Amino acid sequence: MNSGQGTEWVILLRKVADDQDTDAFTALFEHFGPRVKAFLMKSGADHAMAEECAQDVMVTVWKKAAQFDPSRASVATWIYTIARNRRIDMLRRDRRPEPEDLNWGPEEEPDQFDVLGLQQESDQLAAAIASLPEKQRVMIERAYFGDLSHSEIAEETGLPLGTIKSRIRLALERLRHSLS
Amino acid sequence: MITHHLSDNLLMAYSAGTLPEAFNLAVATHIALCDDCRARLASFDAVGGAVLDGVLEDETASTTRMESGALAATLARIKTAAPVARSPQRAPQNALLPEPLASYVGGDVSQIRWRNLGGGVRQMLIPTSEHATARLLYIPAGAAVPDHGHRGLELTLVLQGAFADEDARFGRGDIEIADEGTEHQPVAEPGEDCICLAVTDAPLKFRALLPRLAQPFFRI
């Protein structure tokens, strides 16, 4: 993965939000559609259900594009949360209430420095996970496919999350400041 | 100042969507009060994003494709789909109960339907899925929570006042994570009455005789 991949997806998703750009959406669909489908199949869905739900997820990506905040998540992360929620519905798992949101008002744009930094951190995190020892990487993947219960997840995950967490924390501080 | 936070494994399981509903409620309510855990959750979501993005590297998934015609079908659905309004569910600024807890209770603290447990202690059970139990507890200032050990995992999130046990003090926003090894005697601080959200995946076992007799009756 080249270092600017995350930023590319942000630009495409912004075109979907601002201009209802079908070409930009097609590029996102071709990359993320099969990944969402494979993720759902790994989570226990059969082929037909995974196909249908992956299409649902991509419809939601279009419809919620304007709500994406690139200072707090990469496009892959944001689509993951949509796929995760769809999986919970699909498999009739326990309800998962969410914390009250800190939305950007329509007049407020995230800080460009935060956006660039977060996208780079996300790319680096993905590279770090890909290079973990096989056994640890497989455990983490299984946790996210819903294959492990919470008591089976190690208390210390050994994931290098300090940098990306600090960056998101700063973005939240700026957001809190602008809200008050 | 929040000093007791969620553990990595709870945040990862919440991100993965594998917790019982009652635990999701406690985790989400703590995050509503704690930007540090909100940022930690976002970093665990980022791990999920990386897992999603890398899923085709796995050889059993590497041949996954969308059906032919999937893009056209999706675009056709997008044309007819109504745009999603942003729905920021947000409790009022000075509310004691943040979202999502406020929605489960049906409003702020005045909407809580307390039941007396004796000794001034009150509780309200919050309906969730059967895999775990959530309840609000009201402990008068200065009163002790009955001495208990734990059979499963128990999270206690303080919403008002504070309690302390032998080791630590827990104030608004703090979450205590107790498991089988934990035996303690928490006491509500003098001053303000203590209100907390307690969730457990097993019934508590009380050591004093009276609370044990009352246990099945009160479902505490």
# chains A, B, ... in the order shown; residues from 1 in each chain; ligands from 1

$ select_by_dssp --residues "range 55-164 of chain B" --states "strand (DSSP E)" --output "ChimeraX atom specification"
/B:115-118,121-126,133-139,148-149,154-160,163-164

$ residues_around --residues "Leu101 in chain B" --least-positions-apart "5" --cutoff "10 Å" --atoms "only C-alpha atoms" --output "list in words"
Pro97, Glu98, Pro99 and Glu100 of chain A; Leu25, Ala26, Ala28, Thr29, His30, Ala32, Ala91, Leu96, Gly106, Gly107, Asp108, Ile126 and Leu197 of chain B

$ residues_around --residues "Val105 in chain B" --least-positions-apart "3" --cutoff "12 Å" --atoms "only C-alpha atoms" --output "PyMOL selection string"
chain B and resi 25+91+96-102+108-114+124-128+134-136+197

$ write_last_selection --atoms "N, CA, C and O atoms" --output "compact mmCIF listing (two decimals), in the first residue's frame"
# COMPACT_ATOMS: atom_id res chain seq x y z
N LEU B 25 -24.20 -1.04 26.54
CA LEU B 25 -24.81 0.16 27.15
C LEU B 25 -23.82 0.84 28.11
O LEU B 25 -23.65 2.06 28.07
N ALA B 91 -28.18 13.98 24.71
CA ALA B 91 -28.88 14.42 25.91
C ALA B 91 -28.61 15.91 26.09
O ALA B 91 -27.60 16.42 25.65
N LEU B 96 -27.90 14.49 33.68
CA LEU B 96 -27.07 13.56 34.45
C LEU B 96 -26.82 12.29 33.64
O LEU B 96 -25.75 11.70 33.71
N LEU B 97 -27.84 11.88 32.87
CA LEU B 97 -27.72 10.66 32.09
C LEU B 97 -27.42 11.02 30.63
O LEU B 97 -28.25 11.61 29.96
N PRO B 98 -26.23 10.65 30.13
CA PRO B 98 -25.93 10.90 28.72
C PRO B 98 -26.58 9.83 27.84
O PRO B 98 -27.05 8.80 28.35
N GLU B 99 -26.60 10.06 26.52
CA GLU B 99 -27.00 9.01 25.59
C GLU B 99 -25.86 8.00 25.48
O GLU B 99 -24.71 8.39 25.53
N PRO B 100 -26.17 6.72 25.33
CA PRO B 100 -27.49 6.14 25.06
C PRO B 100 -28.31 5.80 26.32
O PRO B 100 -29.45 5.38 26.20
N LEU B 101 -27.76 6.04 27.51
CA LEU B 101 -28.47 5.63 28.72
C LEU B 101 -29.82 6.35 28.85
O LEU B 101 -30.83 5.73 29.24
N ALA B 102 -29.86 7.65 28.52
CA ALA B 102 -31.09 8.42 28.67
C ALA B 102 -32.24 7.77 27.89
O ALA B 102 -33.37 7.69 28.38
N ASP B 108 -34.21 11.87 31.65
CA ASP B 108 -33.11 12.06 32.60
C ASP B 108 -33.46 11.39 33.94
O ASP B 108 -34.39 10.60 34.05
N VAL B 109 -32.73 11.77 34.96
CA VAL B 109 -32.77 11.07 36.25
C VAL B 109 -34.18 11.09 36.89
O VAL B 109 -34.57 10.15 37.57
N SER B 110 -34.97 12.13 36.57
CA SER B 110 -36.32 12.21 37.14
C SER B 110 -37.24 11.11 36.59
O SER B 110 -38.29 10.84 37.16
N GLN B 111 -36.86 10.51 35.46
CA GLN B 111 -37.68 9.45 34.87
C GLN B 111 -37.35 8.06 35.41
O GLN B 111 -37.97 7.08 35.03
N ILE B 112 -36.32 7.97 36.24
CA ILE B 112 -35.93 6.66 36.76
C ILE B 112 -37.02 6.15 37.71
O ILE B 112 -37.43 6.87 38.63
N ARG B 113 -37.51 4.93 37.47
CA ARG B 113 -38.54 4.33 38.33
C ARG B 113 -37.85 3.43 39.36
O ARG B 113 -37.66 2.25 39.15
N TRP B 114 -37.50 4.06 40.49
CA TRP B 114 -36.74 3.34 41.52
C TRP B 114 -37.60 2.36 42.28
O TRP B 114 -38.78 2.60 42.48
N MET B 124 -33.21 0.32 39.65
CA MET B 124 -34.13 0.18 38.52
C MET B 124 -33.47 -0.77 37.54
O MET B 124 -32.35 -0.52 37.07
N LEU B 125 -34.15 -1.86 37.21
CA LEU B 125 -33.65 -2.76 36.17
C LEU B 125 -33.88 -2.13 34.80
O LEU B 125 -34.93 -1.54 34.56
N ILE B 126 -32.91 -2.25 33.92
CA ILE B 126 -33.04 -1.72 32.56
C ILE B 126 -33.15 -2.91 31.61
O ILE B 126 -32.25 -3.75 31.58
N PRO B 127 -34.25 -3.01 30.87
CA PRO B 127 -34.41 -4.16 30.01
C PRO B 127 -33.35 -4.19 28.88
O PRO B 127 -33.17 -3.19 28.18
N THR B 128 -32.64 -5.30 28.80
CA THR B 128 -31.69 -5.52 27.70
C THR B 128 -31.83 -6.99 27.31
O THR B 128 -32.65 -7.70 27.88
N ALA B 134 -28.55 -5.19 33.24
CA ALA B 134 -28.18 -3.80 33.52
C ALA B 134 -29.16 -3.22 34.53
O ALA B 134 -30.36 -3.49 34.47
N ARG B 135 -28.63 -2.44 35.48
CA ARG B 135 -29.54 -1.77 36.40
C ARG B 135 -28.89 -0.48 36.89
O ARG B 135 -27.67 -0.36 36.91
N LEU B 136 -29.74 0.45 37.28
CA LEU B 136 -29.26 1.66 37.94
C LEU B 136 -29.36 1.43 39.44
O LEU B 136 -30.33 0.83 39.91
N LEU B 197 -24.60 3.03 37.16
CA LEU B 197 -25.09 2.00 36.24
C LEU B 197 -24.23 0.77 36.48
O LEU B 197 -23.00 0.84 36.38

$ atom_distance --atom1 "CA of Asp101 in chain A" --atom2 "CA of Ile31 in chain B"
10.0 Å

$ closest_residue --among "A:Gly117, A:Gly158, A:Arg167, A:Pro34" --to "chain B" --atoms "only C-alpha atoms"
A:Pro34

$ closest_residue --among "A:Arg95, A:Asp89, A:Ser71, A:Thr81" --to "Leu175 in chain A" --atoms "only C-alpha atoms"
A:Ser71

$ residues_around --residues "Glu8 in chain A" --least-positions-apart "3" --cutoff "12 Å" --atoms "only C-alpha atoms" --output "MDAnalysis selection string"
chainID A and resid 1:5 11:15 24 27:28 70 74:76 115:116 119:120 123

$ closest_residue --among "A:Glu51, A:Asp19, A:Asp111, A:Asp69" --to "chain B" --atoms "only C-alpha atoms"
A:Glu51

$ closest_residue --among "B:Arg122, B:His131, B:Arg65, B:Arg169" --to "chain A" --atoms "only C-alpha atoms"
B:Arg65

$ atom_distance --atom1 "CA of Thr74 in chain B" --atom2 "CA of Val61 in chain A"
10.9 Å

$ select_by_dssp --residues "range 4-206 of chain B" --states "helix (DSSP H, G or I)" --output "PyMOL selection string"
chain B and resi 8-16+21-33+35-53+55-57+70-80+101-105+109-111

$ residues_around --residues "range 4-10 of chain B" --least-positions-apart "3" --cutoff "8 Å" --atoms "only C-alpha atoms" --output "PyMOL selection string"
(chain A and resi 150-151+153-157) or (chain B and resi 13-14+27+37+170+174-177)
